[in-house]
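Student: Right, I'll just put the structure down here and ask away after.
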Amino acid sequence: MNVVLLLISLLLLALIAWFDIRHRSVPLVFFLLEIAVAIGMMALSGISGYWQMILLSVLIAGFQLIMIWGWFRLVRKTNGFFDSLFGWGDLVMIAIAAIHFSPFPFILFMIVSSLAGLLWYYLRKLIIVSSSYTVPLAGIMALLLMPVQVTGFLGKSWFYLNHFAF
């Protein structure tokens, strides 16, 4: 990976995290730039079967989102999933994470991110008394993705392993 692209990506991830945690709204341009930089970084890394790996990770992310949407729709009888329960930024951040991982590590990353979101929710509920407790999932994922990128740059790229390369 190019060190310049890595630094740009880390800056964009830090901005995404800061805006999501602080304002609960992230400018779309940060997400779009991060997608472009992440694809550029991964394409330059020369990983064999990278595009198949990303396709499979995106399919897994789509299946996960359909399951979450279905659960809220059928079990909780809730409409407006992407308007009130799950932010559009969270959706885009899941796609960004899919760019960085092969399928199994992607699933692990999503589990760790979700657990970190639950921890955020309960800690905030204990500390701040409010009628609304939201989880900045995109910000949490951005913060967790930063050390992943740095360790990948240093050569410890366990999360890029692709056993499905054709």
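Just so we're on the same page: first chain in the structure tokens is A, next is B, and so on; residues restart at 1 for each chain, and ligands are numbered from 1 in the order they show up.
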Taking the chain letters and numbering used in this document, name the residues of range 35-147 of chain A that DSSP puts in helix (DSSP H, G or I), as a ChimeraX atom specification.
Tutor: /A:35-45,50-75,81-85,88-100,103-127,137-147
Student: Create the file for the chosen residues now, containing C-alpha atoms and written as a compact mmCIF listing (two decimals), in the first residue's frame.
Tutor:
# COMPACT_ATOMS: atom_id res chain seq x y z
CA ILE A 35 -14.43 4.34 -0.86
CA ALA A 36 -12.20 5.62 -3.68
CA VAL A 37 -9.05 5.60 -1.53
CA ALA A 38 -9.82 2.14 -0.09
CA ILE A 39 -10.37 0.63 -3.53
CA GLY A 40 -7.16 2.29 -4.74
CA MET A 41 -5.18 0.99 -1.77
CA MET A 42 -6.49 -2.53 -2.19
CA ALA A 43 -6.07 -2.55 -5.97
CA LEU A 44 -2.43 -1.45 -5.59
CA SER A 45 -1.77 -4.14 -2.99
CA TYR A 50 -9.30 -9.38 -4.58
CA TRP A 51 -12.42 -8.61 -6.63
CA GLN A 52 -14.00 -12.01 -5.88
CA MET A 53 -13.21 -11.47 -2.20
CA ILE A 54 -14.90 -8.06 -2.20
CA LEU A 55 -17.93 -9.35 -4.09
CA LEU A 56 -18.42 -12.10 -1.52
CA SER A 57 -17.99 -9.67 1.39
CA VAL A 58 -20.53 -7.26 -0.17
CA LEU A 59 -22.99 -10.15 -0.64
CA ILE A 60 -22.53 -11.11 3.03
CA ALA A 61 -23.11 -7.48 4.06
CA GLY A 62 -26.26 -7.33 1.92
CA PHE A 63 -27.57 -10.54 3.48
CA GLN A 64 -26.84 -9.16 6.94
CA LEU A 65 -28.72 -5.94 6.20
CA ILE A 66 -31.71 -7.83 4.78
CA MET A 67 -31.84 -9.91 7.96
CA ILE A 68 -31.69 -6.83 10.21
CA TRP A 69 -34.32 -5.03 8.12
CA GLY A 70 -36.55 -8.12 8.16
CA TRP A 71 -36.26 -8.49 11.90
CA PHE A 72 -37.24 -4.87 12.52
CA ARG A 73 -40.01 -5.06 9.93
CA LEU A 74 -41.57 -8.39 10.90
CA VAL A 75 -40.84 -8.80 14.59
CA PHE A 81 -35.67 1.30 8.99
CA PHE A 82 -33.14 3.52 7.19
CA ASP A 83 -34.75 6.72 8.37
CA SER A 84 -34.90 6.19 12.11
CA LEU A 85 -33.22 2.95 13.18
CA TRP A 88 -27.44 5.67 5.72
CA GLY A 89 -23.91 6.41 6.89
CA ASP A 90 -23.86 3.10 8.75
CA LEU A 91 -24.84 1.35 5.53
CA VAL A 92 -22.06 3.05 3.56
CA MET A 93 -19.53 2.29 6.31
CA ILE A 94 -20.43 -1.40 6.11
CA ALA A 95 -19.67 -1.26 2.38
CA ILE A 96 -16.34 0.45 3.14
CA ALA A 97 -15.50 -2.30 5.63
CA ALA A 98 -16.36 -4.93 3.01
CA ILE A 99 -13.71 -3.39 0.75
CA HIS A 100 -11.04 -4.03 3.39
CA PRO A 103 -15.37 -12.74 4.00
CA PHE A 104 -14.51 -14.45 7.30
CA PRO A 105 -12.52 -11.53 8.78
CA PHE A 106 -15.31 -9.22 7.54
CA ILE A 107 -17.84 -11.18 9.57
CA LEU A 108 -15.53 -10.98 12.60
CA PHE A 109 -15.12 -7.25 12.10
CA MET A 110 -18.90 -6.80 11.96
CA ILE A 111 -19.35 -8.81 15.16
CA VAL A 112 -16.68 -6.80 16.99
CA SER A 113 -18.16 -3.53 15.67
CA SER A 114 -21.65 -4.55 16.78
CA LEU A 115 -20.40 -5.52 20.24
CA ALA A 116 -18.56 -2.20 20.50
CA GLY A 117 -21.82 -0.46 19.52
CA LEU A 118 -23.70 -2.33 22.26
CA LEU A 119 -21.00 -1.39 24.76
CA TRP A 120 -21.29 2.25 23.64
CA TYR A 121 -25.07 2.10 24.06
CA TYR A 122 -24.99 0.69 27.59
CA LEU A 123 -22.15 2.92 28.80
CA ARG A 124 -23.91 5.98 27.46
CA LYS A 125 -27.17 4.88 29.07
CA LEU A 126 -25.39 4.54 32.42
CA ILE A 127 -23.61 7.88 32.18
CA LEU A 137 -22.02 2.71 14.35
CA ALA A 138 -20.25 4.31 11.38
CA GLY A 139 -17.94 6.20 13.74
CA ILE A 140 -17.20 3.11 15.80
CA MET A 141 -16.47 1.11 12.66
CA ALA A 142 -14.20 3.87 11.36
CA LEU A 143 -12.24 3.90 14.63
CA LEU A 144 -11.89 0.11 14.56
CA LEU A 145 -10.83 0.12 10.91
CA MET A 146 -7.92 2.49 11.53
CA PRO A 147 -5.67 0.01 13.40
Student: Measuring atom to atom with only C-alpha atoms, identify which of A:Leu28, A:Ala14, A:Val129, A:Leu7 is nearest to Val150 in chain A.
Tutor: A:Leu7
Student: Between CA of Pro136 in chain A and CA of Arg24 in chain A, what is the distance, to one decimal in Å?
Tutor: 6.5 Å
